>>> print(open('coords.cif').read())   # mmCIF, C-alpha atoms
data_final
loop_
_atom_site.label_atom_id
_atom_site.label_comp_id
_atom_site.auth_asym_id
_atom_site.auth_seq_id
_atom_site.Cartn_x
_atom_site.Cartn_y
_atom_site.Cartn_z
CA MET A 1456 46.19 -9.55 4.00
CA PRO A 1457 45.82 -12.76 1.93
CA ILE A 1458 43.74 -12.57 -1.24
CA ARG A 1459 40.48 -14.44 -0.86
CA THR A 1460 38.80 -16.18 -3.79
CA SER A 1461 36.57 -19.13 -4.60
CA GLU A 1462 36.06 -21.81 -7.25
CA THR A 1463 33.07 -19.87 -8.53
CA GLU A 1464 35.09 -16.69 -8.99
CA ILE A 1465 37.95 -18.47 -10.75
CA LYS A 1466 35.49 -20.18 -13.10
CA HIS A 1467 33.79 -16.87 -13.90
CA LEU A 1468 37.14 -15.15 -14.53
CA VAL A 1469 38.31 -17.85 -16.94
CA ILE A 1470 35.02 -17.94 -18.86
CA ALA A 1471 34.88 -14.13 -19.14
CA TRP A 1472 38.52 -13.94 -20.25
CA LEU A 1473 38.08 -16.61 -22.94
CA ALA A 1474 34.76 -15.17 -24.16
CA ILE A 1475 36.18 -11.66 -24.54
CA ALA A 1476 39.28 -13.02 -26.29
CA PHE A 1477 37.10 -15.02 -28.69
CA ALA A 1478 34.82 -12.05 -29.38
CA PHE A 1479 37.73 -9.78 -30.26
CA THR A 1480 39.31 -12.53 -32.34
CA VAL A 1481 36.16 -12.62 -34.47
CA LEU A 1482 36.02 -8.81 -34.63
CA ILE A 1483 39.64 -8.50 -35.76
CA LYS A 1484 39.53 -11.39 -38.22
CA ARG A 1485 36.29 -10.33 -39.91
CA TRP A 1486 36.42 -6.56 -39.84
CA MET A 1487 39.93 -5.16 -39.25
CA PRO A 1488 42.96 -4.91 -41.58
CA LEU A 1489 45.02 -6.70 -38.94
CA GLY A 1490 42.89 -9.78 -39.61
CA SER A 1491 44.60 -10.33 -42.95
CA GLU A 1492 48.09 -10.09 -41.46
CA LEU A 1493 47.76 -12.61 -38.63
CA ASN A 1494 46.25 -16.08 -38.50
CA VAL A 1495 43.39 -17.01 -36.17
CA LEU A 1496 45.65 -18.45 -33.46
CA GLU A 1497 47.86 -15.36 -33.46
CA ILE A 1498 44.81 -13.10 -33.22
CA PHE A 1499 43.41 -15.15 -30.33
CA ILE A 1500 46.72 -14.88 -28.48
CA LEU A 1501 46.80 -11.13 -29.15
CA SER A 1502 43.22 -10.73 -27.93
CA SER A 1503 43.82 -12.83 -24.81
CA VAL A 1504 46.97 -10.95 -23.82
CA THR A 1505 45.67 -7.44 -24.57
CA VAL A 1506 41.89 -7.18 -24.28
CA GLY A 1507 41.47 -10.10 -21.90
CA SER A 1508 44.07 -8.81 -19.48
CA ALA A 1509 42.77 -5.23 -19.76
CA PHE A 1510 39.28 -6.20 -18.61
CA ILE A 1511 40.18 -8.86 -16.06
CA PHE A 1512 43.09 -7.07 -14.34
CA HIS A 1513 40.96 -3.92 -14.16
CA GLU A 1514 38.34 -5.86 -12.20
CA LEU A 1515 40.86 -7.73 -10.06
CA LEU A 1516 42.43 -4.48 -8.86
CA HIS A 1517 39.00 -3.35 -7.68
CA LYS A 1518 38.75 -6.66 -5.82
CA PHE A 1519 42.18 -6.49 -4.20
CA VAL A 1520 41.73 -2.93 -2.92
CA ALA A 1521 38.20 -3.70 -1.69
CA GLN A 1522 39.49 -6.70 0.26
CA ARG A 1523 42.21 -4.52 1.74
CA TYR A 1524 39.40 -2.47 3.31
CA GLY A 1525 37.73 -5.56 4.73
CA SER A 1526 35.08 -6.01 2.05
CA TRP A 1527 33.76 -9.22 0.60
CA SER A 1528 34.56 -8.92 -3.08
CA GLU A 1529 34.46 -11.40 -5.95
CA PHE A 1530 34.20 -11.19 -9.72
CA ARG A 1531 31.00 -12.36 -11.36
CA MET A 1532 30.59 -12.66 -15.11
CA GLU A 1533 27.47 -11.35 -16.86
CA PRO A 1534 26.34 -14.21 -19.16
CA LYS A 1535 23.96 -12.12 -21.30
CA MET A 1536 26.59 -9.43 -21.90
CA LEU A 1537 29.18 -12.06 -22.77
CA LEU A 1538 26.77 -13.61 -25.26
CA LEU A 1539 26.15 -10.21 -26.86
CA ALA A 1540 29.91 -9.61 -27.02
CA VAL A 1541 30.33 -12.85 -28.97
CA ILE A 1542 27.34 -12.29 -31.30
CA PHE A 1543 27.87 -8.64 -32.28
CA PRO A 1544 31.17 -9.06 -34.20
CA LEU A 1545 29.63 -11.89 -36.20
CA LEU A 1546 27.10 -9.41 -37.60
CA ALA A 1547 28.73 -5.97 -37.54
CA PRO A 1548 32.14 -4.28 -37.19
CA PHE A 1549 31.76 -3.35 -33.54
CA ILE A 1550 31.56 -4.97 -30.14
CA PHE A 1551 29.80 -4.28 -26.86
CA ALA A 1552 32.02 -5.70 -24.15
CA ALA A 1553 30.83 -5.82 -20.54
CA PRO A 1554 32.06 -9.21 -19.32
CA GLY A 1555 31.11 -8.74 -15.70
CA ALA A 1556 32.13 -6.89 -12.57
CA VAL A 1557 33.47 -7.28 -9.07
CA MET A 1558 30.69 -7.55 -6.54
CA ILE A 1559 31.59 -5.69 -3.34
CA PHE A 1560 29.82 -5.87 0.00
CA ASN A 1561 30.79 -3.66 2.91
CA PRO A 1562 28.18 -1.28 4.37
CA TYR A 1563 30.84 0.67 6.26
CA LEU A 1564 33.06 1.86 3.41
CA THR A 1565 33.90 5.56 3.55
CA ARG A 1566 33.83 7.89 0.55
CA GLU A 1567 37.63 7.81 0.46
CA GLU A 1568 37.73 4.01 0.49
CA ASN A 1569 35.09 3.85 -2.24
CA GLY A 1570 37.10 6.34 -4.26
CA LYS A 1571 40.32 4.36 -3.93
CA ILE A 1572 38.57 1.10 -4.86
CA SER A 1573 37.12 2.77 -7.95
CA LEU A 1574 40.44 4.39 -8.87
CA ALA A 1575 42.32 1.07 -8.78
CA GLY A 1576 40.77 -0.29 -11.99
CA PRO A 1577 41.54 2.62 -14.35
CA MET A 1578 45.03 3.01 -12.87
CA MET A 1579 45.68 -0.66 -13.61
CA ASN A 1580 44.80 0.09 -17.24
CA VAL A 1581 47.19 3.06 -17.24
CA ILE A 1582 49.99 0.81 -15.95
CA LEU A 1583 49.17 -1.88 -18.52
CA ALA A 1584 49.08 0.73 -21.30
CA PHE A 1585 52.57 1.88 -20.32
CA LEU A 1586 53.86 -1.72 -20.22
CA PHE A 1587 52.41 -2.50 -23.66
CA PHE A 1588 53.84 0.75 -25.00
CA THR A 1589 57.25 -0.28 -23.68
CA LEU A 1590 56.88 -3.65 -25.41
CA PHE A 1591 56.04 -1.89 -28.67
CA LEU A 1592 59.11 0.35 -28.39
CA LEU A 1593 61.35 -2.66 -27.73
CA VAL A 1594 59.79 -4.94 -30.38
CA PRO A 1595 57.96 -2.73 -32.92
CA SER A 1596 57.31 -5.43 -35.53
CA GLY A 1597 55.74 -8.88 -35.77
CA ILE A 1598 53.23 -10.35 -33.36
CA PHE A 1599 54.88 -8.68 -30.34
CA GLY A 1600 54.69 -5.31 -32.05
CA TRP A 1601 50.97 -5.80 -32.67
CA ILE A 1602 50.44 -6.92 -29.07
CA GLY A 1603 52.24 -3.80 -27.86
CA LYS A 1604 50.19 -1.45 -30.04
CA PHE A 1605 46.84 -3.12 -29.45
CA GLY A 1606 47.45 -3.40 -25.70
CA LEU A 1607 48.35 0.29 -25.53
CA VAL A 1608 45.22 1.37 -27.40
CA ILE A 1609 42.77 -0.87 -25.54
CA ASN A 1610 44.06 -0.01 -22.06
CA ALA A 1611 44.28 3.72 -22.77
CA TRP A 1612 40.67 3.81 -24.00
CA LEU A 1613 39.44 1.72 -21.06
CA ALA A 1614 41.17 3.98 -18.54
CA VAL A 1615 39.69 7.16 -20.03
CA PHE A 1616 36.22 5.65 -20.51
CA ASN A 1617 35.99 4.34 -16.95
CA LEU A 1618 37.04 7.72 -15.55
CA ILE A 1619 34.03 9.47 -17.09
CA PRO A 1620 32.23 10.72 -13.93
CA VAL A 1621 28.73 9.43 -14.71
CA SER A 1622 26.42 6.55 -13.80
CA VAL A 1623 28.14 3.37 -12.59
CA LEU A 1624 31.55 4.26 -14.05
CA ASP A 1625 34.54 4.54 -11.73
CA GLY A 1626 35.07 8.24 -12.37
CA ARG A 1627 31.97 9.27 -10.46
CA LYS A 1628 33.18 7.82 -7.14
CA VAL A 1629 36.74 9.04 -7.65
CA LEU A 1630 35.53 12.60 -8.34
CA ALA A 1631 33.20 12.48 -5.33
CA TRP A 1632 36.16 11.51 -3.13
CA ASP A 1633 38.87 13.93 -4.33
CA ARG A 1634 38.80 16.29 -7.31
CA ARG A 1635 42.60 16.67 -7.36
CA VAL A 1636 43.20 12.93 -7.43
CA TYR A 1637 40.56 12.63 -10.14
CA GLY A 1638 42.28 15.34 -12.22
CA VAL A 1639 45.69 13.66 -11.95
CA ALA A 1640 44.26 10.23 -12.80
CA LEU A 1641 42.34 11.58 -15.79
CA GLY A 1642 45.42 13.45 -16.99
CA MET A 1643 47.49 10.25 -16.86
CA ALA A 1644 44.83 8.30 -18.74
CA ILE A 1645 44.46 10.97 -21.43
CA SER A 1646 48.24 11.14 -21.81
CA MET A 1647 48.36 7.41 -22.56
CA LEU A 1648 45.47 7.81 -24.99
CA VAL A 1649 47.28 10.61 -26.85
CA MET A 1650 50.39 8.43 -26.90
CA SER A 1651 48.41 5.60 -28.43
CA MET A 1652 47.13 7.92 -31.18
CA ILE A 1653 50.63 9.18 -31.96
CA PHE A 1654 52.34 5.81 -32.12
CA THR A 1655 49.62 3.71 -33.70
#
>>> encode(input="coords.cif", output="structure tokens")
Amino acid sequence: MPIRTSETEIKHLVIAWLAIAFAFTVLIKRWMPLGSELNVLEIFILSSVTVGSAFIFHELLHKFVAQRYGSWSEFRMEPKMLLLAVIFPLLAPFIFAAPGAVMIFNPYLTREENGKISLAGPMMNVILAFLFFTLFLLVPSGIFGWIGKFGLVINAWLAVFNLIPVSVLDGRKVLAWDRRVYGVALGMAISMLVMSMIFT
């Protein structure tokens, strides 16, 4: 099945990606020790490749799986949340990042289909965490080493956080669909998180 998109979605994806990358660039440069080791351009590249890809690919996997089940699905940024993400690191050493979400419409989705759509995002972060970890092992120093470490940490945390089975988070729908699948997915995410703590 071909992937369906629109000019609006592409525009929203690009804006969200750049805004998140900028926000984390400010956070790292102003408040983190890494900010003194890399210049602004290097930090922006690091943020774009790690945090930007973590958020956007997470959402795109929701979209792709939803479309596989015949749903209309497109990413939409959340302008107010993006603005807060940019403002917070200017004032304090933390960030609240919620760049947007994939809007899905299909009144006939089953619990299993909903569970698989929800599972796709966190599993994308697990895969990305593993890839960044591999990069770190291959190139442990310099800008690529930092990208590997930061990408591992960000994706591991995002995977675990989104699998918390409450509210609008992905974990709630995955757990409602299949407890065993949820347990395996959570175990994989926690394993990557532990790995990130050991190696960073």
>>> residues_around(input="coords.cif", residues="Thr1463 (chain A)", least_positions_apart="3", cutoff="12 Å", atoms="only C-alpha atoms", output="JSON, numbers by chain")
{"A": [1459, 1460, 1466, 1467, 1468, 1469, 1470, 1529, 1530, 1531, 1532]}
>>> closest_atom_pairs(input="coords.cif", of="region 1604-1653 of chain A", to="region 1565-1584 of chain A", cutoff="8 Å", atoms="all atoms listed in the file", output="CSV")
residue,atom,partner,partner_atom,distance
A:Gly1606,CA,A:Ala1584,CA,6.3
A:Leu1607,CA,A:Ala1584,CA,4.3
A:Val1608,CA,A:Ala1584,CA,7.2
A:Ile1609,CA,A:Ala1584,CA,7.8
A:Asn1610,CA,A:Asn1580,CA,4.9
A:Ala1611,CA,A:Ala1584,CA,5.8
A:Leu1613,CA,A:Asn1580,CA,6.8
A:Ala1614,CA,A:Pro1577,CA,4.4
A:Val1615,CA,A:Pro1577,CA,7.5
A:Asn1617,CA,A:Pro1577,CA,6.4
A:Leu1618,CA,A:Pro1577,CA,6.9
A:Asp1625,CA,A:Ser1573,CA,4.9
A:Gly1626,CA,A:Ser1573,CA,7.3
A:Lys1628,CA,A:Gly1570,CA,5.1
A:Val1629,CA,A:Gly1570,CA,4.3
A:Leu1630,CA,A:Gly1570,CA,7.6
A:Ala1631,CA,A:Gly1570,CA,7.4
A:Trp1632,CA,A:Glu1567,CA,5.4
A:Asp1633,CA,A:Gly1570,CA,7.8
A:Ala1640,CA,A:Met1578,CA,7.3
A:Met1643,CA,A:Val1581,CA,7.2
A:Ala1644,CA,A:Val1581,CA,5.9
A:Met1647,CA,A:Ala1584,CA,6.8
>>> residues_around(input="coords.cif", residues="Thr1589 (chain A)", least_positions_apart="3", cutoff="12 Å", atoms="only C-alpha atoms", output="VMD selection string")
chain A and resid 1582 to 1586 1592 to 1595 1599 to 1600 1602 to 1604 1606 to 1607 1647 1650 to 1651 1654
>>> residues_around(input="coords.cif", residues="region 1554-1561 of chain A", least_positions_apart="4", cutoff="7 Å", atoms="all atoms listed in the file", output="PyMOL selection string")
chain A and resi 1471+1514+1517-1518+1526-1533+1536-1537
>>> atom_distance(input="coords.cif", atom1="CA of Val1636 (chain A)", atom2="CA of Val1649 (chain A)")
20.0 Å
>>> closest_residue(input="coords.cif", among="A:Ala1521, A:Leu1516, A:Leu1641, A:Leu1501", to="Phe1587 (chain A)", atoms="all atoms listed in the file")
A:Leu1501
>>> atom_distance(input="coords.cif", atom1="CA of Phe1499 (chain A)", atom2="CA of Ala1476 (chain A)")
6.2 Å
>>> residues_near_point(input="coords.cif", point="(32.8, -6.5, -23.5)", cutoff="7 Å", atoms="only C-alpha atoms", output="count of residues only")
8
>>> axis_aligned_box(input="coords.cif", around="region 1495-1508 of chain A", padding_each_side="4 Å", output="AutoDock Vina command-line options")
--center_x 44.7 --center_y -12.8 --center_z -27.8 --size_x 14.4 --size_y 19.3 --size_z 24.7
>>> decode(input="coords.cif", residues="region 1529-1577 of chain A", atoms="C-alpha atoms", output="PDB file, in the first residue's frame")
ATOM      1  CA  GLU A1529      -1.456  12.508   9.032  1.00  0.00           C
ATOM      2  CA  PHE A1530       0.917  14.292  11.384  1.00  0.00           C
ATOM      3  CA  ARG A1531      -0.149  17.653  12.772  1.00  0.00           C
ATOM      4  CA  MET A1532       2.149  19.867  14.801  1.00  0.00           C
ATOM      5  CA  GLU A1533       0.954  21.537  18.007  1.00  0.00           C
ATOM      6  CA  PRO A1534       2.028  25.203  17.689  1.00  0.00           C
ATOM      7  CA  LYS A1535       1.544  26.117  21.370  1.00  0.00           C
ATOM      8  CA  MET A1536       3.556  23.110  22.554  1.00  0.00           C
ATOM      9  CA  LEU A1537       6.308  23.879  20.059  1.00  0.00           C
ATOM     10  CA  LEU A1538       6.438  27.458  21.320  1.00  0.00           C
ATOM     11  CA  LEU A1539       6.717  26.242  24.917  1.00  0.00           C
ATOM     12  CA  ALA A1540       9.462  23.823  23.885  1.00  0.00           C
ATOM     13  CA  VAL A1541      11.459  26.723  22.450  1.00  0.00           C
ATOM     14  CA  ILE A1542      10.832  29.111  25.380  1.00  0.00           C
ATOM     15  CA  PHE A1543      11.485  26.789  28.343  1.00  0.00           C
ATOM     16  CA  PRO A1544      15.219  26.156  27.743  1.00  0.00           C
ATOM     17  CA  LEU A1545      15.796  29.897  27.442  1.00  0.00           C
ATOM     18  CA  LEU A1546      14.650  30.277  31.057  1.00  0.00           C
ATOM     19  CA  ALA A1547      15.401  26.991  32.840  1.00  0.00           C
ATOM     20  CA  PRO A1548      17.434  23.777  32.448  1.00  0.00           C
ATOM     21  CA  PHE A1549      14.563  21.613  31.254  1.00  0.00           C
ATOM     22  CA  ILE A1550      12.276  21.225  28.284  1.00  0.00           C
ATOM     23  CA  PHE A1551       8.690  20.166  27.695  1.00  0.00           C
ATOM     24  CA  ALA A1552       8.588  18.614  24.249  1.00  0.00           C
ATOM     25  CA  ALA A1553       5.280  17.647  22.649  1.00  0.00           C
ATOM     26  CA  PRO A1554       5.715  18.694  19.015  1.00  0.00           C
ATOM     27  CA  GLY A1555       2.495  17.180  17.748  1.00  0.00           C
ATOM     28  CA  ALA A1556       0.894  13.863  16.928  1.00  0.00           C
ATOM     29  CA  VAL A1557      -0.491  11.726  14.146  1.00  0.00           C
ATOM     30  CA  MET A1558      -4.198  12.246  13.703  1.00  0.00           C
ATOM     31  CA  ILE A1559      -5.937   8.959  12.902  1.00  0.00           C
ATOM     32  CA  PHE A1560      -9.479   8.478  11.658  1.00  0.00           C
ATOM     33  CA  ASN A1561     -11.015   5.049  11.232  1.00  0.00           C
ATOM     34  CA  PRO A1562     -14.163   4.181  13.226  1.00  0.00           C
ATOM     35  CA  TYR A1563     -13.748   0.470  12.486  1.00  0.00           C
ATOM     36  CA  LEU A1564     -10.327  -0.222  14.007  1.00  0.00           C
ATOM     37  CA  THR A1565     -10.228  -3.279  16.249  1.00  0.00           C
ATOM     38  CA  ARG A1566      -8.493  -3.405  19.627  1.00  0.00           C
ATOM     39  CA  GLU A1567      -5.677  -5.417  18.044  1.00  0.00           C
ATOM     40  CA  GLU A1568      -5.204  -2.889  15.241  1.00  0.00           C
ATOM     41  CA  ASN A1569      -5.227  -0.019  17.732  1.00  0.00           C
ATOM     42  CA  GLY A1570      -2.669  -1.877  19.822  1.00  0.00           C
ATOM     43  CA  LYS A1571      -0.356  -2.466  16.868  1.00  0.00           C
ATOM     44  CA  ILE A1572      -0.614   1.171  15.757  1.00  0.00           C
ATOM     45  CA  SER A1573       0.268   2.302  19.279  1.00  0.00           C
ATOM     46  CA  LEU A1574       3.108  -0.207  19.579  1.00  0.00           C
ATOM     47  CA  ALA A1575       4.773   0.969  16.356  1.00  0.00           C
ATOM     48  CA  GLY A1576       6.002   4.288  17.791  1.00  0.00           C
ATOM     49  CA  PRO A1577       7.843   2.992  20.881  1.00  0.00           C
TER      50      PRO A1577
END
